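Novice: Sharing final33.txt (compact mmCIF, C-alpha atoms) below.
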```
# COMPACT_ATOMS: atom_id res chain seq x y z
CA MET L 1 102.83 118.31 104.13
CA ARG L 2 101.75 117.44 100.62
CA THR L 3 98.35 115.88 100.09
CA LEU L 4 98.55 112.93 97.71
CA SER L 5 94.84 112.16 97.50
CA ARG L 6 91.58 112.94 99.21
CA THR L 7 88.31 111.02 99.21
CA PRO L 8 85.12 111.55 101.22
CA THR L 9 86.41 109.13 103.87
CA SER L 10 90.17 109.66 104.04
CA THR L 11 93.16 111.82 103.17
CA VAL L 12 96.58 110.49 102.16
CA THR L 13 99.52 112.75 102.98
CA LEU L 14 103.20 112.46 102.04
CA CYS L 15 105.28 112.53 105.21
CA ARG L 16 108.45 111.24 106.72
CA ARG L 17 109.04 110.24 110.28
CA ASP L 18 111.23 112.63 112.24
CA GLY L 19 114.82 111.45 111.94
CA SER L 20 114.24 109.31 108.85
CA ALA L 21 114.90 110.24 105.24
CA ARG L 22 112.47 107.65 103.94
CA PRO L 23 109.08 109.08 102.90
CA VAL L 24 105.86 107.36 103.87
CA ALA L 25 102.21 107.88 103.02
CA VAL L 26 99.89 108.48 105.96
CA LYS L 27 96.24 107.67 105.35
CA THR L 28 94.06 109.48 107.87
CA GLY L 29 90.35 108.96 108.36
CA ARG L 30 88.27 112.07 107.80
CA MET L 31 85.74 110.80 110.31
CA SER L 32 86.33 109.35 113.76
CA ASP L 33 83.07 107.55 114.45
CA ALA L 34 82.80 103.86 115.25
CA ALA L 35 82.14 102.90 111.62
CA ALA L 36 85.24 104.72 110.36
CA MET L 37 87.33 103.16 113.11
CA ALA L 38 86.06 99.69 112.21
CA ARG L 39 86.81 100.27 108.52
CA PHE L 40 90.40 101.35 109.21
CA ARG L 41 90.87 98.49 111.64
CA ARG L 42 89.68 96.02 109.01
CA GLU L 43 91.91 97.54 106.32
CA ALA L 44 94.95 97.36 108.61
CA ARG L 45 94.19 93.75 109.51
CA PHE L 46 93.82 92.71 105.88
CA MET L 47 97.03 94.46 104.81
CA GLU L 48 98.90 92.86 107.69
CA ALA L 49 97.56 89.44 106.67
CA VAL L 50 99.26 89.70 103.25
CA ARG L 51 102.38 91.65 104.21
CA ASP L 52 104.51 88.74 102.94
CA SER L 53 103.28 89.32 99.38
CA PRO L 54 105.76 91.46 97.39
CA HIS L 55 102.89 92.73 95.25
CA VAL L 56 100.80 94.35 98.00
CA LEU L 57 101.47 97.84 99.35
CA ARG L 58 103.23 97.50 102.68
CA ILE L 59 101.66 98.69 105.91
CA LEU L 60 104.26 100.12 108.30
CA GLY L 61 102.11 101.09 111.25
CA SER L 62 98.71 102.27 112.42
CA GLY L 63 97.02 103.99 115.31
CA VAL L 64 94.66 106.69 116.47
CA LEU L 65 95.36 110.43 116.49
CA GLY L 66 94.62 112.63 119.47
CA THR L 67 91.56 113.87 117.58
CA GLY L 68 90.18 110.33 117.54
CA ALA L 69 90.81 109.87 113.82
CA PRO L 70 92.43 106.57 112.77
CA TYR L 71 95.52 106.49 110.60
CA LEU L 72 97.59 104.00 108.61
CA ILE L 73 101.26 104.48 107.75
CA LEU L 74 101.95 103.00 104.35
CA GLU L 75 104.80 102.49 101.93
CA PHE L 76 105.11 105.50 99.62
CA ALA L 77 104.69 104.71 95.93
CA ALA L 78 106.83 107.36 94.23
CA GLY L 79 105.61 106.41 90.76
CA GLY L 80 102.00 107.22 91.53
CA SER L 81 99.24 105.00 90.24
CA TYR L 82 98.32 103.48 86.91
CA ALA L 83 95.42 105.92 86.82
CA ASP L 84 98.04 108.69 86.78
CA LEU L 85 99.63 107.08 83.73
CA LEU L 86 96.30 106.87 81.94
CA ARG L 87 95.57 110.53 82.69
CA ARG L 88 98.93 111.41 81.09
CA GLY L 89 98.10 109.42 77.97
CA VAL L 90 100.56 106.60 78.73
CA THR L 91 99.56 103.10 77.60
CA LEU L 92 101.45 99.84 78.00
CA ALA L 93 102.55 97.32 75.40
CA ALA L 94 100.89 93.93 75.71
CA GLY L 95 103.90 92.31 77.39
CA GLU L 96 104.14 95.04 80.01
CA ALA L 97 100.43 94.97 80.75
CA LEU L 98 100.58 91.19 81.09
CA ASP L 99 103.52 91.53 83.49
CA VAL L 100 101.48 93.90 85.63
CA GLY L 101 98.61 91.42 85.44
CA VAL L 102 100.75 88.52 86.67
CA ARG L 103 101.85 90.53 89.69
CA MET L 104 98.35 91.74 90.50
CA ALA L 105 96.96 88.22 90.12
CA SER L 106 99.60 87.11 92.61
CA ALA L 107 98.43 89.80 95.04
CA LEU L 108 94.81 88.75 94.60
CA HIS L 109 95.70 85.10 95.08
CA ALA L 110 97.45 85.99 98.35
CA LEU L 111 94.28 87.75 99.48
CA HIS L 112 91.90 85.05 98.33
CA ALA L 113 93.99 82.33 99.97
CA ARG L 114 93.33 84.10 103.26
CA GLY L 115 89.62 84.46 102.65
CA ILE L 116 89.72 88.14 101.65
CA VAL L 117 88.24 89.78 98.55
CA HIS L 118 89.49 93.23 97.51
CA ARG L 119 86.29 94.47 95.79
CA ASP L 120 87.86 97.60 94.27
CA VAL L 121 90.59 96.59 91.82
CA LYS L 122 91.16 99.48 89.40
CA PRO L 123 94.04 101.59 88.01
CA SER L 124 94.02 104.10 90.87
CA ASN L 125 94.42 101.27 93.40
CA MET L 126 97.43 99.80 91.61
CA LEU L 127 100.50 101.79 92.56
CA ILE L 128 104.03 101.93 91.15
CA THR L 129 106.89 101.54 93.61
CA GLU L 130 110.59 101.21 92.89
CA HIS L 131 110.04 97.46 93.25
CA GLY L 132 107.17 97.28 90.78
CA PRO L 133 103.38 97.34 90.81
CA VAL L 134 101.56 96.81 94.09
CA LEU L 135 97.90 96.47 94.99
CA ALA L 136 96.62 99.09 97.43
CA ASP L 137 93.53 100.51 99.15
CA PHE L 138 91.76 97.79 101.09
CA GLY L 139 89.14 100.25 102.31
CA ILE L 140 86.15 98.22 101.11
CA ALA L 141 87.76 94.78 101.17
CA ALA L 142 85.89 92.07 103.03
CA THR L 143 86.14 88.43 103.98
CA VAL L 144 84.39 85.94 101.74
CA TYR L 145 82.06 85.28 104.68
CA ASP L 146 81.09 88.93 104.95
CA SER L 147 80.90 90.10 101.34
CA GLY L 148 77.35 91.41 101.42
CA ALA L 149 76.17 94.65 99.85
CA VAL L 150 79.07 96.99 99.21
CA THR L 151 79.14 100.76 98.82
CA GLY L 152 81.91 102.68 97.12
CA TRP L 153 82.68 100.21 94.34
CA SER L 154 83.74 101.67 91.01
CA PRO L 155 81.24 101.05 88.18
CA LEU L 156 83.79 101.33 85.38
CA TRP L 157 85.63 98.27 86.68
CA ALA L 158 83.04 96.30 88.63
CA ALA L 159 81.65 92.97 87.44
CA PRO L 160 78.01 92.97 86.26
CA GLU L 161 76.83 90.90 89.22
CA VAL L 162 78.20 93.64 91.50
CA THR L 163 76.71 96.58 89.60
CA GLU L 164 73.35 94.77 89.47
CA GLY L 165 73.37 94.07 93.19
CA ARG L 166 73.51 90.28 92.84
CA SER L 167 76.86 90.05 94.62
CA GLY L 168 78.81 92.13 97.08
CA GLY L 169 82.11 90.91 95.67
CA SER L 170 83.90 87.63 95.10
CA GLU L 171 87.15 86.16 93.81
CA ALA L 172 85.61 86.02 90.33
CA ALA L 173 84.59 89.69 90.58
CA ASP L 174 88.14 90.67 91.56
CA CYS L 175 89.48 88.86 88.48
CA TYR L 176 86.90 90.62 86.30
CA ALA L 177 88.05 94.02 87.59
CA LEU L 178 91.70 93.12 87.02
CA ALA L 179 90.97 92.08 83.43
CA ALA L 180 89.09 95.34 82.79
CA THR L 181 92.02 97.27 84.24
CA LEU L 182 94.56 95.46 82.06
CA ALA L 183 92.46 96.27 79.00
CA ALA L 184 92.54 99.94 79.97
CA LEU L 185 96.31 99.89 80.45
CA MET L 186 96.71 98.73 76.85
CA THR L 187 94.10 101.00 75.27
CA GLY L 188 93.92 104.05 77.51
CA ARG L 189 90.27 103.62 78.46
CA PRO L 190 88.07 101.14 80.33
CA PRO L 191 86.11 98.56 78.34
CA ASP L 192 82.78 99.90 77.13
CA GLY L 193 80.07 97.67 78.53
CA GLY L 194 82.53 94.82 78.90
CA MET L 195 83.47 94.95 75.21
CA LEU L 196 87.19 94.66 74.47
CA PRO L 197 88.56 96.81 71.62
CA GLU L 198 90.33 95.37 68.61
CA ALA L 199 93.50 97.24 69.59
CA ILE L 200 94.20 94.47 72.11
CA PRO L 201 95.96 91.50 70.49
CA GLY L 202 93.51 88.72 69.69
CA ASP L 203 94.95 86.02 71.95
CA VAL L 204 95.24 88.45 74.86
CA ARG L 205 91.70 89.58 74.20
CA THR L 206 90.54 85.96 74.42
CA VAL L 207 92.10 85.56 77.87
CA LEU L 208 90.65 88.84 79.14
CA ARG L 209 87.26 88.04 77.66
CA ARG L 210 87.12 84.83 79.69
CA ALA L 211 88.01 86.70 82.88
CA MET L 212 85.24 89.19 82.06
CA ASP L 213 82.56 86.67 81.14
CA PRO L 214 79.14 87.94 82.34
CA ASP L 215 78.64 84.57 84.04
CA PRO L 216 81.02 84.31 87.03
CA ASP L 217 81.00 80.52 86.76
CA ARG L 218 82.59 80.70 83.30
CA ARG L 219 85.51 82.86 84.40
CA PHE L 220 88.85 81.54 85.59
CA PRO L 221 88.22 79.49 88.73
CA THR L 222 90.86 81.34 90.76
CA ALA L 223 93.20 84.32 90.56
CA LEU L 224 96.02 81.77 90.48
CA ALA L 225 94.61 80.20 87.30
CA PHE L 226 94.12 83.64 85.75
CA GLY L 227 97.67 84.64 86.68
CA GLU L 228 99.14 81.45 85.24
CA ARG L 229 97.40 82.11 81.93
CA LEU L 230 98.64 85.70 81.91
CA ARG L 231 102.16 84.46 82.62
CA GLU L 232 102.01 82.11 79.64
CA MET L 233 100.88 84.97 77.42
CA ARG L 234 103.55 87.28 78.81
CA SER L 235 106.31 84.93 77.69
CA VAL L 236 104.91 85.16 74.16
CA TYR L 237 104.93 88.96 74.10
CA ALA L 238 108.13 89.60 76.06
CA ALA L 239 110.33 89.15 72.98
CA ASP L 240 108.21 91.62 71.00
CA ASP L 241 108.47 94.19 73.76
CA ARG L 242 112.26 93.84 73.90
CA ALA L 243 112.48 95.19 70.39
CA SER L 244 111.59 98.65 71.68
CA ARG L 245 111.77 98.33 75.46
CA GLN L 246 114.24 96.99 78.00
CA PRO L 247 113.06 93.77 79.64
CA THR L 248 112.28 93.46 83.32
CA ARG L 249 115.42 92.47 85.21
CA GLY L 250 115.57 89.61 87.64
CA PRO L 251 113.54 86.42 87.97
CA VAL L 252 109.90 86.50 86.94
CA PRO L 253 107.60 86.12 89.96
CA GLN L 254 105.06 83.30 89.97
CA PRO L 255 101.46 84.20 90.83
CA THR L 256 101.53 82.42 94.18
CA PRO L 257 101.24 83.76 97.73
CA GLN L 258 104.48 82.03 98.68
CA SER L 259 106.61 84.46 96.63
CA ALA L 260 109.58 85.75 98.60
CA PRO L 261 108.78 89.04 100.34
CA HIS L 262 112.16 90.49 99.38
CA ARG L 263 111.82 93.02 96.58
CA THR L 264 114.34 93.94 93.93
CA PRO L 265 114.38 97.12 91.81
CA TYR L 266 111.84 96.94 89.02
CA ALA L 267 112.76 98.11 85.53
CA SER L 268 110.01 98.64 83.01
CA ALA L 269 109.43 101.02 80.15
CA HIS L 270 106.42 102.74 81.69
CA MET L 271 108.49 103.53 84.80
CA ARG L 272 111.08 105.29 82.61
CA HIS L 273 108.47 107.27 80.72
CA PRO L 274 109.15 111.04 80.68
CA ALA L 275 105.90 111.57 82.56
CA LEU L 276 107.47 109.83 85.54
CA SER L 277 110.91 111.47 85.32
CA ALA L 278 109.83 113.95 87.99
CA LEU L 279 107.38 113.63 90.84
CA PRO L 280 104.82 116.38 90.31
CA ALA L 281 102.22 117.22 92.89
CA ARG L 282 99.21 114.99 92.38
CA PRO L 283 95.72 116.45 92.48
CA ALA L 284 94.26 116.54 95.96
CA ALA L 285 90.52 116.79 95.67
CA GLY L 286 88.80 113.93 93.91
CA ALA L 287 92.03 112.24 92.94
CA ASP L 288 90.68 108.81 93.75
CA SER L 289 86.93 109.03 93.68
CA PRO L 290 85.30 105.77 94.84
CA THR L 291 82.72 106.12 92.12
CA GLY L 292 85.31 106.19 89.36
CA ALA L 293 84.63 109.79 88.35
CA PRO L 294 87.54 111.31 86.39
CA THR L 295 89.81 113.71 88.24
CA GLY L 296 88.56 117.25 87.90
CA ALA L 297 85.20 116.17 86.52
CA GLN L 298 82.22 118.10 87.85
CA THR L 299 79.71 115.46 88.87
CA GLY L 300 76.82 117.81 89.48
CA PRO L 301 75.71 121.42 89.17
CA ARG L 302 77.81 123.88 91.12
CA THR L 303 75.79 125.74 93.69
CA GLY L 304 76.48 128.61 96.04
CA SER L 305 78.10 131.98 95.62
CA PRO L 306 81.80 132.69 95.15
CA LYS L 307 81.82 133.90 98.74
CA GLY L 308 80.52 130.53 99.91
CA THR L 309 83.11 128.79 97.80
CA THR L 310 85.89 130.85 99.36
CA ARG L 311 84.56 130.15 102.83
CA GLY L 312 84.52 126.43 102.06
CA ALA L 313 88.06 126.54 100.72
CA LEU L 314 89.30 128.35 103.83
CA LYS L 315 87.51 125.87 106.05
CA GLY L 316 89.15 123.00 104.16
CA ALA L 317 92.56 124.65 104.44
CA PHE L 318 92.22 125.08 108.21
CA ALA L 319 91.07 121.47 108.52
CA ALA L 320 94.13 120.30 106.57
CA LEU L 321 96.43 122.35 108.82
CA ALA L 322 94.79 120.89 111.91
CA ALA L 323 95.20 117.36 110.57
CA ALA L 324 98.87 118.02 109.78
CA ALA L 325 99.45 119.35 113.28
CA ALA L 326 97.79 116.28 114.75
CA LEU L 327 100.04 114.01 112.71
CA VAL L 328 103.18 115.80 113.85
CA ALA L 329 102.11 115.80 117.48
CA THR L 330 101.02 112.17 117.53
CA ILE L 331 103.46 110.22 115.37
CA GLY L 332 106.37 112.56 114.81
CA MET L 333 105.76 113.08 111.10
CA ILE L 334 107.12 116.12 109.29
CA ALA L 335 106.71 117.45 105.79
CA VAL L 336 109.08 116.13 103.18
CA ALA L 337 111.13 117.42 100.33
CA PRO L 338 111.52 115.18 97.25
CA PRO L 339 112.14 111.65 98.59
CA ASP L 340 115.43 109.82 98.81
CA PRO L 341 114.57 106.44 97.24
CA GLY L 342 117.80 104.86 98.41
CA ALA L 343 117.23 105.32 102.13
CA PRO L 344 116.39 102.18 104.10
CA VAL L 345 113.05 101.75 105.80
CA SER L 346 112.19 99.62 108.78
CA PRO L 347 109.72 96.87 107.84
CA HIS L 348 107.56 97.71 110.86
CA MET L 349 107.92 101.02 112.66
CA PRO L 350 106.80 101.12 116.31
CA LEU L 351 104.24 103.91 116.19
CA GLY L 352 101.99 103.32 119.17
CA PRO L 353 98.86 101.17 119.38
CA SER L 354 98.23 99.11 116.29
CA LEU L 355 94.78 99.14 114.76
CA TYR L 356 94.90 95.41 114.19
CA GLU L 357 96.06 94.65 117.74
CA SER L 358 94.16 97.13 119.91
CA PRO L 359 90.94 95.63 121.28
CA SER L 360 89.03 98.92 121.43
CA TYR L 361 89.21 102.37 119.93
CA PRO L 362 88.12 105.81 121.08
CA THR L 363 85.35 107.63 119.30
CA ALA L 364 85.19 111.35 118.64
CA SER L 365 83.95 113.55 121.44
CA PRO L 366 80.53 115.06 120.78
```
Let me see whether you can do it: turn the structure in this file into structure tokens.

Specialist:
Amino acid sequence: MRTLSRTPTSTVTLCRRDGSARPVAVKTGRMSDAAAMARFRREARFMEAVRDSPHVLRILGSGVLGTGAPYLILEFAAGGSYADLLRRGVTLAAGEALDVGVRMASALHALHARGIVHRDVKPSNMLITEHGPVLADFGIAATVYDSGAVTGWSPLWAAPEVTEGRSGGSEAADCYALAATLAALMTGRPPDGGMLPEAIPGDVRTVLRRAMDPDPDRRFPTALAFGERLREMRSVYAADDRASRQPTRGPVPQPTPQSAPHRTPYASAHMRHPALSALPARPAAGADSPTGAPTGAQTGPRTGSPKGTTRGALKGAFAALAAAAALVATIGMIAVAPPDPGAPVSPHMPLGPSLYESPSYPTASP
């Protein structure tokens, strides 16, 4: 199996179910205590609540491994994430970035309409599927009634009231993070202290600046309002983008949660970029750090001897093999070759007890 990403709390592995050519991503908890189980259960429930949105990563199943670790089976995003694009030096024209923004605002509006805040909107949590951008990773999402102190938010993208501890997340904070992300997609780097660079067109900068106002009360009142404004701006820049890029085919989605769940192939210049012409192995360790640290960055002094490092690497390798064996034994997953994007996939695979339906969950044996 190929590891797509690994964080302190979970590992995402590229798999396919035995007998199916369609690849899926399996997110497995790295801990099996009650807190980890509750977090996965909440993430599954939130993703199921917005499964009708075409701009949210689809959940296909969930359950508990024989080891006691929870897992989610998710749609596989063959194009990687927008963080991958930024690491490869790919930036988007204004019209393309605005198009991504409209779709992500639609996803946020679908969440907010159901009383859910995402709390971790950033490039690495916005994935590229054959149907277009989708919002992913609901690991620290919460209801608006339970959005207290949050751990694991990403400081490069978080609103000031979150970084200062005055808020655990809100609709306004989600919109702030989306605006910061869109700025990065156009410039290649996150805004420095909330300041937007001159490289962003002035009228677009004005819209993003409002969404990133230090005062949450002065931002757009809803993700829907933010998305509508982005849609208006997109129509202005679409003609400019067509001069050097092919336009998106098909009807333009409106930023509303009632958008039809059916997806059509998505054509956009950044999806045809040479960097995405193949599907290289993505970095495993630290690929999606919850603190926003760059991939491969050393966040502290390295300690221990080379022997200790080797021992740790071997221990990690054996743990990965054990997790892979557990996946195969429990849900019939096998390693995959390069995916067949044309193969059909069932909208909801029956894979045993569902995390959002089961009333109780086992904990790890001592």

Novice: Quick check, in Å to one decimal: how far apart do atom CA of L:Tyr237 and atom CA of L:Arg119 lie?

Specialist: 29.1 Å

Novice: Let me make sure I understand: among L:Leu74, L:Ala107, L:Ala199, L:Ala211, which one has the smallest atom-to-atom distance to L:Ala172 if we use only C-alpha atoms?

Specialist: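 Of L:Leu74, L:Ala107, L:Ala199, L:Ala211, the one nearest L:Ala172, counting only C-alpha atoms, is L:Ala211.
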
Novice: For L:Asp99, please output as number ranges by chain all residues within 9 Å (counting only C-alpha atoms; exclusion window: fewer than 4 positions along the same chain).

Specialist: L: 94-95, 103-104, 230-231, 234, 238, 248, 252

Novice: L:Asp120, L:Asp84, L:Asp52, L:Glu43: which is nearest L:Leu178, counting all atoms listed in the file?

Specialist: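 Smallest separation from L:Leu178 among the options: L:Asp120.
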
Novice: One decimal, Å: what's the distance from atom CA of L:Asp33 over to atom CA of L:Pro70, could you say?

Specialist: 9.6 Å

Novice: Could you tell me which of L:Val117, L:Val90, L:Ala180, L:Ser81 comes closest to L:Gly132 if we count only C-alpha atoms?

Specialist: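 Ranked by minimum distance to L:Gly132, first place goes to L:Ser81.
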